[in-house]
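Participant: Sending over a structure as structure tokens; questions will come in a sec.
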Protein chains: 2
Amino acid sequence: MQTRPRRYHHGDLRAALLTRAEETLREKGPAALSLRELARDLGVSHAAPSRHFKDKQDLLDALALNGFERLGEIIAASQEGAGESFAERLDAMVRAYVGFATANAALLDLMYSIKHDPEASEALSVAAQRWAEEIVELIGDGQSRGEVREGPVERVGVPVFATLHGYAGLAVSGMLPPETTEHGLDDVIAHTLRGCAPD
Amino acid sequence: MQTRPRRYHHGDLRAALLTRAEETLREKGPAALSLRELARDLGVSHAAPSRHFKDKQDLLDALALNGFERLGEIIAASQEGAGESFAERLDAMVRAYVGFATANAALLDLMYSIKHDPEASEALSVAAQRWAEEIVELIGDGQSRGEVREGPVERVGVPVFATLHGYAGLAVSGMLPPETTEHGLDDVIAHTLRGCAPD
DNA sequence: ACCTGAACACCGTTCAAGT
DNA sequence: ACCTGAACACCGTTCAAGT
């Protein structure tokens, strides 16, 4: 009756595991994430996930990798919709990043956490690097417009990356005084613009 | 034979648990941290820790709180040993913070992680705030010397805090391109100075 | 190929009972 | 006050066996 024959029980257990895992991560935090419960939720045996992820950490790595891919898309999209000036493009990028961070707090925590397999860690570094290149591109563009001071793009970009990442992290972990959320983003953007401005 | 009588079995189990927990955190990561193993290491029953920490999370919270206290001391010490100019003081603080971060990577991860009890979370926010006030003080001092632009200290300080925190986080999670560690710190300091400079 | 079911060695937490 | 020992309900991981 089905033209696309179901696979053994589930169809696409791997994707279903990732989707469900991210839901529980978002709703109940990383501590509540258990392979057995995931399997229960999806109606498969507790041993089934091991066909798709050798390990719990392997699933977490896949989750993080997927997060970096989506982050990259969001950042890229923010640049396409933005104006041409460096200030406008920076503004759009910062808002896109902080928006992703606050909407996916637990996932972001996972993406930048330390406990990755050395093997998967390389794939993650590459993924993280790829979106960081959006910053490099932004800086380079700003330089060619004369709106950003000269210097190797990577070196100008690192402090910008750090500021962005740090602000998102502080906002997400609730370490910012409540009244700062008001002007916090604007202040960060203005500060970054000053830091990048030519002499 | 001992003037200071031992308590029941251990003497000061609470402190011993914290010490040992931080060791395993440092050496084997947060995933390897188990109350039962801690108890085994210290030669007490697996139920003994519950007399001192109601929960595993309670122990983690205590670990984080202790981390913030030590961080505060280190930051304060960096300011005492530093020169008078804003640039010198900022330099000292950044190096102290990044030094602490790289020397206590897993602990820092824990300190800023999201999964704290709402109750303990408040105590942690206070502790985090206290060291953040060192930044506020630094900014205020810089302003009175005419080396930092005017404006509410909290608003000038937030981007500085974010940059510092973000750079430490990136360095710790290995997300910085290897060649940046060379000049990374210097670039971050220079960038921050530009961002803070008066017009 | 993909999944099951049982088994193993671990967890965290609780609670009567001991000293 | 502080700790033990047993018990409970969970884990992650592995592996023969099923379809």
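We label chains A, B, ... in the order they appear in the structure tokens, count residues from 1 in each chain, and number ligands from 1 in the order shown.
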Could you pull out the helix (DSSP H, G or I) residues of chain A, going by DSSP on the backbone, and write them as a PyMOL selection string?

Facilitator: chain A and resi 13-28+30-32+35-42+48-51+56-81+86-103+105-111+118-144+153-172+180-196

Participant: Return as CSV the residues of chain A lying at most 8 Å from chain D, together with the closest atom-to-atom pair for each and the distance in Å to one decimal, counting only C-alpha atoms (C1' of nucleotides), with rows in chain order and ascending residue number.

Facilitator:
residue,atom,partner,partner_atom,distance
A:Ser34,CA,D:DC11,C1',7.8
A:Leu35,CA,D:DG12,C1',7.9
A:Arg36,CA,D:DC11,C1',7.9
A:Lys56,CA,D:DG12,C1',7.7

Participant: At most 8 Å is the cut-off: for each residue in chain A with any atom that close to an atom of chain B, write down the nearest atom pair and the distance in Å rounded to one decimal, counting only C-alpha atoms, chain first then increasing number, as CSV.

Facilitator:
residue,atom,partner,partner_atom,distance
A:Gly29,CA,B:Lys115,CA,7.3
A:Ala106,CA,B:Ile114,CA,7.5
A:Asp109,CA,B:Ser113,CA,7.4
A:Tyr112,CA,B:Ser173,CA,6.1
A:Ser113,CA,B:Ser173,CA,6.4
A:Ile114,CA,B:Ser173,CA,5.3
A:Lys115,CA,B:Gly29,CA,7.3
A:Ser125,CA,B:Met175,CA,6.1
A:Ala128,CA,B:Met175,CA,6.9
A:Gln129,CA,B:Met175,CA,7.5
A:Glu154,CA,B:Thr180,CA,7.8
A:Arg155,CA,B:Asp187,CA,6.7
A:Val156,CA,B:Asp187,CA,7.4
A:Val158,CA,B:Gly184,CA,7.1
A:Pro159,CA,B:Val188,CA,5.0
A:Val160,CA,B:Thr163,CA,7.8
A:Phe161,CA,B:Gly166,CA,7.8
A:Ala162,CA,B:Gly166,CA,4.4
A:Thr163,CA,B:Thr163,CA,3.9
A:Leu164,CA,B:Gly166,CA,7.3
A:His165,CA,B:Gly166,CA,5.2
A:Gly166,CA,B:Gly166,CA,3.4
A:Tyr167,CA,B:Ala162,CA,4.6
A:Gly169,CA,B:Gly166,CA,7.4
A:Leu170,CA,B:Ala162,CA,7.0
A:Val172,CA,B:Ile114,CA,7.6
A:Ser173,CA,B:Ile114,CA,5.3
A:Gly174,CA,B:Ser125,CA,7.8
A:Met175,CA,B:Ser125,CA,6.1
A:Pro177,CA,B:Gln129,CA,7.9
A:Thr180,CA,B:Arg155,CA,7.1
A:His183,CA,B:Arg155,CA,7.7
A:Gly184,CA,B:Val158,CA,7.1
A:Asp187,CA,B:Arg155,CA,6.7
A:Val188,CA,B:Pro159,CA,5.0
A:His191,CA,B:Gly195,CA,5.0
A:Thr192,CA,B:Gly195,CA,6.4
A:Leu193,CA,B:Gly195,CA,7.5
A:Arg194,CA,B:Gly195,CA,4.8
A:Gly195,CA,B:Gly195,CA,4.2
A:Cys196,CA,B:His191,CA,7.3

Participant: Suppose you want the space between CA of Ala48 in chain A and CA of Arg14 in chain A; what is it in Å?

Facilitator: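 According to the coordinates, CA of Ala48 in chain A and CA of Arg14 in chain A are separated by 9.8 Å.
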
Participant: So the first atom is CA of Asp141 in chain A and the second is CA of Ser85 in chain A; what is the distance between them in Å, to one decimal place?

Facilitator: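 So the answer is 8.9 Å.
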
Participant: Please report the interatomic distance between CA of Gln143 in chain A and CA of Phe86 in chain A in Å with one decimal.

Facilitator: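 One can read the CA of Gln143 in chain A to CA of Phe86 in chain A distance as 8.7 Å.
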